[in-house]
Amino acid sequence: MFTDEQIERYSRHIILKEVGGKGQKKLLDGKVMVIGAGGLGAPIALYLAAAGVGTIGIADADMVDLSNLQRQVIHFTPDVGKPKVESAREKMEAMNPDVTVRTYQEWISAANIARIIADYDFVIDGTDNFAAKFLINDACVMVGKPYSHGGILQFVGQTMTIRPGESPCYRCIFPAPPPKDGIPTCSQAGVIGVLPGVIGTIQATEAIKFLIGKGDLLTGHIMMYNALEMNFRKVKINRNRKCPVCGENPTVTELVDELDALNVCDLEK
């Protein structure tokens, strides 16, 4: 089933009774879509590639900027000016030639998200704006695609996992985007460089656990992390019967672009 090189590469997984050879085979057969190749997407993509997730999609229309390098650890100084998805693909393939990386150099929208996520087992939201976050949630809920939400700002991060039909979704907590100028942008508020590493690594862990079918996912809970206080807080959440997308009488029944939603510092440009 595995080559000698693969047995050596994945040996620390294979000796785990929760993973073993069967679990590693599930990872190699797995497909994960990472939306965003910046702060959150960087550690997510690197750890999924290292773990041997066989097919990894990564979507981002942006170019590498010098200001990204303080936190987006998949990009290096010579990558400035290069498409982020290409920079990310090069590092992922160099790390693990077993992995197939599919790149999507485009911003997600109501017009393309169904196509982008269609072939994947699990979706990870590493985006930088509320419009994308609500769109990812709505698309995944409507097609029944499990996904991980992540967000960061300054010293605080949060993440949760959504299994449509089984757990609360993003709109169960946040029914609509905040008002314009209601939350400062990354350039206004800043972010400590290591924060997306913490949250993104948790998101990658959720994807790996989902693929191997082991452990408890962050469904029905939101995990909040404060780097200054070095404090994790896991808060239980319930499905909202009045949720506009997964409630008893949904009002969001088709995908739309929240054009007025505010860009925030979740996956920084």
# chains A, B, ... in the order shown; residues from 1 in each chain; ligands from 1
>>> residues_around(residues="stretch 145-158 of chain A", least_positions_apart="3", cutoff="9 Å", atoms="only C-alpha atoms", output="CSV table (one decimal) with C-alpha atoms, in the first residue's frame")
chain,number,residue,atom,x,y,z
A,40,LEU,CA,-4.4,31.5,8.3
A,117,ILE,CA,-15.6,23.6,-3.3
A,118,ALA,CA,-17.5,20.9,-5.2
A,120,TYR,CA,-13.5,18.5,-1.8
A,121,ASP,CA,-14.3,16.5,1.4
A,122,PHE,CA,-13.7,19.4,3.8
A,123,VAL,CA,-13.4,23.2,3.4
A,124,ILE,CA,-11.3,25.6,5.5
A,125,ASP,CA,-12.1,29.3,5.7
A,126,GLY,CA,-9.0,31.4,6.0
A,127,THR,CA,-10.4,34.5,4.4
A,128,ASP,CA,-9.9,38.2,5.2
A,133,LYS,CA,-17.0,34.2,5.5
A,136,ILE,CA,-18.4,30.2,2.5
A,137,ASN,CA,-20.8,29.4,5.4
A,139,ALA,CA,-22.4,27.6,0.3
A,140,CYS,CA,-21.2,24.8,2.6
A,141,VAL,CA,-24.5,24.7,4.5
A,142,MET,CA,-26.5,24.6,1.3
A,161,THR,CA,-16.2,23.6,12.8
A,162,ILE,CA,-19.5,23.3,11.1
A,163,ARG,CA,-21.2,20.1,10.0
A,164,PRO,CA,-24.3,21.2,8.1
A,170,TYR,CA,-21.7,30.6,11.4
A,184,PRO,CA,-11.2,48.0,12.4
A,185,THR,CA,-9.3,46.6,9.5
A,186,CYS,CA,-5.9,44.9,9.8
A,189,ALA,CA,-5.7,47.5,14.2
A,190,GLY,CA,-2.8,45.2,13.5
A,191,VAL,CA,-2.2,41.5,14.3
A,192,ILE,CA,0.5,39.7,16.2
A,195,LEU,CA,-1.6,34.4,16.0
A,196,PRO,CA,-2.7,32.9,12.7
A,198,VAL,CA,-2.1,29.1,16.4
A,199,ILE,CA,-5.6,29.3,14.9
A,200,GLY,CA,-4.6,27.9,11.5
A,203,GLN,CA,-8.1,24.4,11.7
A,204,ALA,CA,-5.7,22.0,10.0
A,206,GLU,CA,-9.8,19.6,12.5
A,207,ALA,CA,-9.5,18.7,8.8
A,210,PHE,CA,-12.4,14.7,10.0
A,218,LEU,CA,-15.2,21.7,17.3
A,222,ILE,CA,-16.4,28.0,19.4
A,223,MET,CA,-12.8,28.1,20.5
A,224,MET,CA,-11.5,31.5,21.5
A,225,TYR,CA,-7.8,32.3,22.1
A,226,ASN,CA,-6.3,35.4,23.7
A,227,ALA,CA,-2.6,35.5,23.0
A,228,LEU,CA,-1.9,38.3,25.6
A,264,VAL,CA,-11.1,42.5,8.4
A,265,CYS,CA,-7.9,40.9,9.6
A,266,ASP,CA,-8.7,37.2,9.4
A,267,LEU,CA,-6.4,36.4,6.6
>>> select_by_dssp(residues="stretch 23-266 of chain A", states="alpha helix (DSSP H)", output="ChimeraX atom specification")
/A:23-29,41-51,84-95,113-117,130-143,170-173,186-189,195-212
>>> closest_residue(among="A:Ala111, A:Ala88, A:Leu217, A:Val256", to="A:Ile202", atoms="only C-alpha atoms")
A:Leu217
>>> closest_residue(among="A:Arg115, A:Arg71, A:Lys214, A:Arg171", to="A:Ala37", atoms="only C-alpha atoms")
A:Arg71
>>> atom_distance(atom1="atom CA of A:Lys25", atom2="atom CA of A:Thr201")
21.2 Å
>>> residues_around(residues="A:Pro83", least_positions_apart="2", cutoff="6 Å", atoms="only C-alpha atoms", output="list in words")
Met63, Val85 and Glu86 of chain A
>>> closest_residue(among="A:Asn238, A:Leu135, A:Asp216, A:Pro175", to="A:Glu254", atoms="only C-alpha atoms")
A:Leu135
>>> decode(residues="stretch 100-142 of chain A", atoms="N, CA and C atoms", output="PDB file, in the first residue's frame")
ATOM      1  N   THR A 100      -0.990  16.566  -4.326  1.00  0.00           N
ATOM      2  CA  THR A 100      -1.413  17.311  -5.511  1.00  0.00           C
ATOM      3  C   THR A 100      -2.027  18.625  -5.054  1.00  0.00           C
ATOM      4  N   VAL A 101      -1.479  19.739  -5.519  1.00  0.00           N
ATOM      5  CA  VAL A 101      -1.978  21.064  -5.139  1.00  0.00           C
ATOM      6  C   VAL A 101      -2.701  21.672  -6.333  1.00  0.00           C
ATOM      7  N   ARG A 102      -3.960  22.002  -6.137  1.00  0.00           N
ATOM      8  CA  ARG A 102      -4.758  22.666  -7.168  1.00  0.00           C
ATOM      9  C   ARG A 102      -4.898  24.134  -6.793  1.00  0.00           C
ATOM     10  N   THR A 103      -4.533  25.019  -7.678  1.00  0.00           N
ATOM     11  CA  THR A 103      -4.581  26.447  -7.374  1.00  0.00           C
ATOM     12  C   THR A 103      -5.748  27.120  -8.092  1.00  0.00           C
ATOM     13  N   TYR A 104      -6.331  28.098  -7.400  1.00  0.00           N
ATOM     14  CA  TYR A 104      -7.445  28.882  -7.924  1.00  0.00           C
ATOM     15  C   TYR A 104      -7.109  30.343  -7.691  1.00  0.00           C
ATOM     16  N   GLN A 105      -6.548  30.998  -8.690  1.00  0.00           N
ATOM     17  CA  GLN A 105      -6.154  32.393  -8.531  1.00  0.00           C
ATOM     18  C   GLN A 105      -7.353  33.289  -8.842  1.00  0.00           C
ATOM     19  N   GLU A 106      -8.264  33.312  -7.914  1.00  0.00           N
ATOM     20  CA  GLU A 106      -9.500  34.080  -8.073  1.00  0.00           C
ATOM     21  C   GLU A 106     -10.102  34.333  -6.695  1.00  0.00           C
ATOM     22  N   TRP A 107     -10.819  35.465  -6.577  1.00  0.00           N
ATOM     23  CA  TRP A 107     -11.572  35.725  -5.355  1.00  0.00           C
ATOM     24  C   TRP A 107     -12.836  34.886  -5.403  1.00  0.00           C
ATOM     25  N   ILE A 108     -13.211  34.298  -4.288  1.00  0.00           N
ATOM     26  CA  ILE A 108     -14.454  33.543  -4.277  1.00  0.00           C
ATOM     27  C   ILE A 108     -15.635  34.503  -4.360  1.00  0.00           C
ATOM     28  N   SER A 109     -16.690  34.030  -4.978  1.00  0.00           N
ATOM     29  CA  SER A 109     -17.902  34.826  -5.137  1.00  0.00           C
ATOM     30  C   SER A 109     -19.083  33.880  -5.231  1.00  0.00           C
ATOM     31  N   ALA A 110     -20.273  34.447  -5.222  1.00  0.00           N
ATOM     32  CA  ALA A 110     -21.472  33.625  -5.378  1.00  0.00           C
ATOM     33  C   ALA A 110     -21.466  32.883  -6.703  1.00  0.00           C
ATOM     34  N   ALA A 111     -20.759  33.432  -7.681  1.00  0.00           N
ATOM     35  CA  ALA A 111     -20.738  32.832  -9.011  1.00  0.00           C
ATOM     36  C   ALA A 111     -19.801  31.634  -9.124  1.00  0.00           C
ATOM     37  N   ASN A 112     -18.756  31.585  -8.273  1.00  0.00           N
ATOM     38  CA  ASN A 112     -17.769  30.516  -8.466  1.00  0.00           C
ATOM     39  C   ASN A 112     -17.578  29.581  -7.287  1.00  0.00           C
ATOM     40  N   ILE A 113     -18.130  29.889  -6.116  1.00  0.00           N
ATOM     41  CA  ILE A 113     -17.796  29.090  -4.936  1.00  0.00           C
ATOM     42  C   ILE A 113     -18.286  27.659  -5.039  1.00  0.00           C
ATOM     43  N   ALA A 114     -19.462  27.437  -5.621  1.00  0.00           N
ATOM     44  CA  ALA A 114     -19.967  26.065  -5.744  1.00  0.00           C
ATOM     45  C   ALA A 114     -19.006  25.210  -6.571  1.00  0.00           C
ATOM     46  N   ARG A 115     -18.471  25.790  -7.627  1.00  0.00           N
ATOM     47  CA  ARG A 115     -17.507  25.071  -8.462  1.00  0.00           C
ATOM     48  C   ARG A 115     -16.214  24.810  -7.702  1.00  0.00           C
ATOM     49  N   ILE A 116     -15.760  25.781  -6.943  1.00  0.00           N
ATOM     50  CA  ILE A 116     -14.476  25.668  -6.256  1.00  0.00           C
ATOM     51  C   ILE A 116     -14.499  24.596  -5.174  1.00  0.00           C
ATOM     52  N   ILE A 117     -15.581  24.499  -4.422  1.00  0.00           N
ATOM     53  CA  ILE A 117     -15.621  23.555  -3.302  1.00  0.00           C
ATOM     54  C   ILE A 117     -16.189  22.188  -3.671  1.00  0.00           C
ATOM     55  N   ALA A 118     -16.706  22.038  -4.869  1.00  0.00           N
ATOM     56  CA  ALA A 118     -17.500  20.855  -5.214  1.00  0.00           C
ATOM     57  C   ALA A 118     -16.771  19.537  -4.997  1.00  0.00           C
ATOM     58  N   ASP A 119     -15.492  19.453  -5.355  1.00  0.00           N
ATOM     59  CA  ASP A 119     -14.786  18.172  -5.363  1.00  0.00           C
ATOM     60  C   ASP A 119     -14.087  17.846  -4.049  1.00  0.00           C
ATOM     61  N   TYR A 120     -14.291  18.659  -3.028  1.00  0.00           N
ATOM     62  CA  TYR A 120     -13.513  18.501  -1.802  1.00  0.00           C
ATOM     63  C   TYR A 120     -14.344  17.908  -0.662  1.00  0.00           C
ATOM     64  N   ASP A 121     -13.641  17.175   0.222  1.00  0.00           N
ATOM     65  CA  ASP A 121     -14.297  16.538   1.359  1.00  0.00           C
ATOM     66  C   ASP A 121     -14.532  17.517   2.504  1.00  0.00           C
ATOM     67  N   PHE A 122     -13.664  18.513   2.607  1.00  0.00           N
ATOM     68  CA  PHE A 122     -13.674  19.435   3.751  1.00  0.00           C
ATOM     69  C   PHE A 122     -13.156  20.779   3.256  1.00  0.00           C
ATOM     70  N   VAL A 123     -13.754  21.850   3.772  1.00  0.00           N
ATOM     71  CA  VAL A 123     -13.390  23.213   3.366  1.00  0.00           C
ATOM     72  C   VAL A 123     -12.848  23.959   4.579  1.00  0.00           C
ATOM     73  N   ILE A 124     -11.833  24.764   4.373  1.00  0.00           N
ATOM     74  CA  ILE A 124     -11.289  25.595   5.456  1.00  0.00           C
ATOM     75  C   ILE A 124     -11.361  27.058   5.051  1.00  0.00           C
ATOM     76  N   ASP A 125     -11.977  27.856   5.903  1.00  0.00           N
ATOM     77  CA  ASP A 125     -12.116  29.289   5.687  1.00  0.00           C
ATOM     78  C   ASP A 125     -10.941  30.014   6.334  1.00  0.00           C
ATOM     79  N   GLY A 126     -10.056  30.538   5.487  1.00  0.00           N
ATOM     80  CA  GLY A 126      -8.960  31.372   5.970  1.00  0.00           C
ATOM     81  C   GLY A 126      -9.030  32.740   5.325  1.00  0.00           C
ATOM     82  N   THR A 127     -10.229  33.276   5.161  1.00  0.00           N
ATOM     83  CA  THR A 127     -10.412  34.492   4.377  1.00  0.00           C
ATOM     84  C   THR A 127     -10.253  35.755   5.208  1.00  0.00           C
ATOM     85  N   ASP A 128     -10.237  36.896   4.509  1.00  0.00           N
ATOM     86  CA  ASP A 128      -9.913  38.164   5.157  1.00  0.00           C
ATOM     87  C   ASP A 128     -11.084  39.124   5.216  1.00  0.00           C
ATOM     88  N   ASN A 129     -12.299  38.663   4.957  1.00  0.00           N
ATOM     89  CA  ASN A 129     -13.413  39.608   4.967  1.00  0.00           C
ATOM     90  C   ASN A 129     -14.716  38.901   5.284  1.00  0.00           C
ATOM     91  N   PHE A 130     -15.648  39.662   5.832  1.00  0.00           N
ATOM     92  CA  PHE A 130     -16.924  39.092   6.237  1.00  0.00           C
ATOM     93  C   PHE A 130     -17.741  38.609   5.053  1.00  0.00           C
ATOM     94  N   ALA A 131     -17.625  39.276   3.919  1.00  0.00           N
ATOM     95  CA  ALA A 131     -18.371  38.836   2.743  1.00  0.00           C
ATOM     96  C   ALA A 131     -18.018  37.393   2.408  1.00  0.00           C
ATOM     97  N   ALA A 132     -16.735  37.087   2.412  1.00  0.00           N
ATOM     98  CA  ALA A 132     -16.297  35.726   2.100  1.00  0.00           C
ATOM     99  C   ALA A 132     -16.720  34.748   3.180  1.00  0.00           C
ATOM    100  N   LYS A 133     -16.642  35.151   4.429  1.00  0.00           N
ATOM    101  CA  LYS A 133     -16.990  34.247   5.519  1.00  0.00           C
ATOM    102  C   LYS A 133     -18.455  33.834   5.455  1.00  0.00           C
ATOM    103  N   PHE A 134     -19.330  34.798   5.214  1.00  0.00           N
ATOM    104  CA  PHE A 134     -20.748  34.470   5.113  1.00  0.00           C
ATOM    105  C   PHE A 134     -21.031  33.647   3.864  1.00  0.00           C
ATOM    106  N   LEU A 135     -20.339  33.941   2.791  1.00  0.00           N
ATOM    107  CA  LEU A 135     -20.540  33.195   1.558  1.00  0.00           C
ATOM    108  C   LEU A 135     -20.085  31.749   1.713  1.00  0.00           C
ATOM    109  N   ILE A 136     -18.933  31.531   2.322  1.00  0.00           N
ATOM    110  CA  ILE A 136     -18.443  30.177   2.548  1.00  0.00           C
ATOM    111  C   ILE A 136     -19.420  29.400   3.419  1.00  0.00           C
ATOM    112  N   ASN A 137     -19.873  30.026   4.495  1.00  0.00           N
ATOM    113  CA  ASN A 137     -20.838  29.365   5.367  1.00  0.00           C
ATOM    114  C   ASN A 137     -22.092  28.970   4.603  1.00  0.00           C
ATOM    115  N   ASP A 138     -22.655  29.918   3.877  1.00  0.00           N
ATOM    116  CA  ASP A 138     -23.915  29.662   3.187  1.00  0.00           C
ATOM    117  C   ASP A 138     -23.755  28.569   2.133  1.00  0.00           C
ATOM    118  N   ALA A 139     -22.657  28.622   1.377  1.00  0.00           N
ATOM    119  CA  ALA A 139     -22.433  27.615   0.338  1.00  0.00           C
ATOM    120  C   ALA A 139     -22.250  26.229   0.948  1.00  0.00           C
ATOM    121  N   CYS A 140     -21.459  26.140   2.009  1.00  0.00           N
ATOM    122  CA  CYS A 140     -21.220  24.839   2.638  1.00  0.00           C
ATOM    123  C   CYS A 140     -22.488  24.279   3.262  1.00  0.00           C
ATOM    124  N   VAL A 141     -23.274  25.135   3.904  1.00  0.00           N
ATOM    125  CA  VAL A 141     -24.533  24.675   4.492  1.00  0.00           C
ATOM    126  C   VAL A 141     -25.482  24.185   3.406  1.00  0.00           C
ATOM    127  N   MET A 142     -25.578  24.928   2.332  1.00  0.00           N
ATOM    128  CA  MET A 142     -26.542  24.577   1.282  1.00  0.00           C
ATOM    129  C   MET A 142     -26.202  23.269   0.582  1.00  0.00           C
TER     130      MET A 142
END
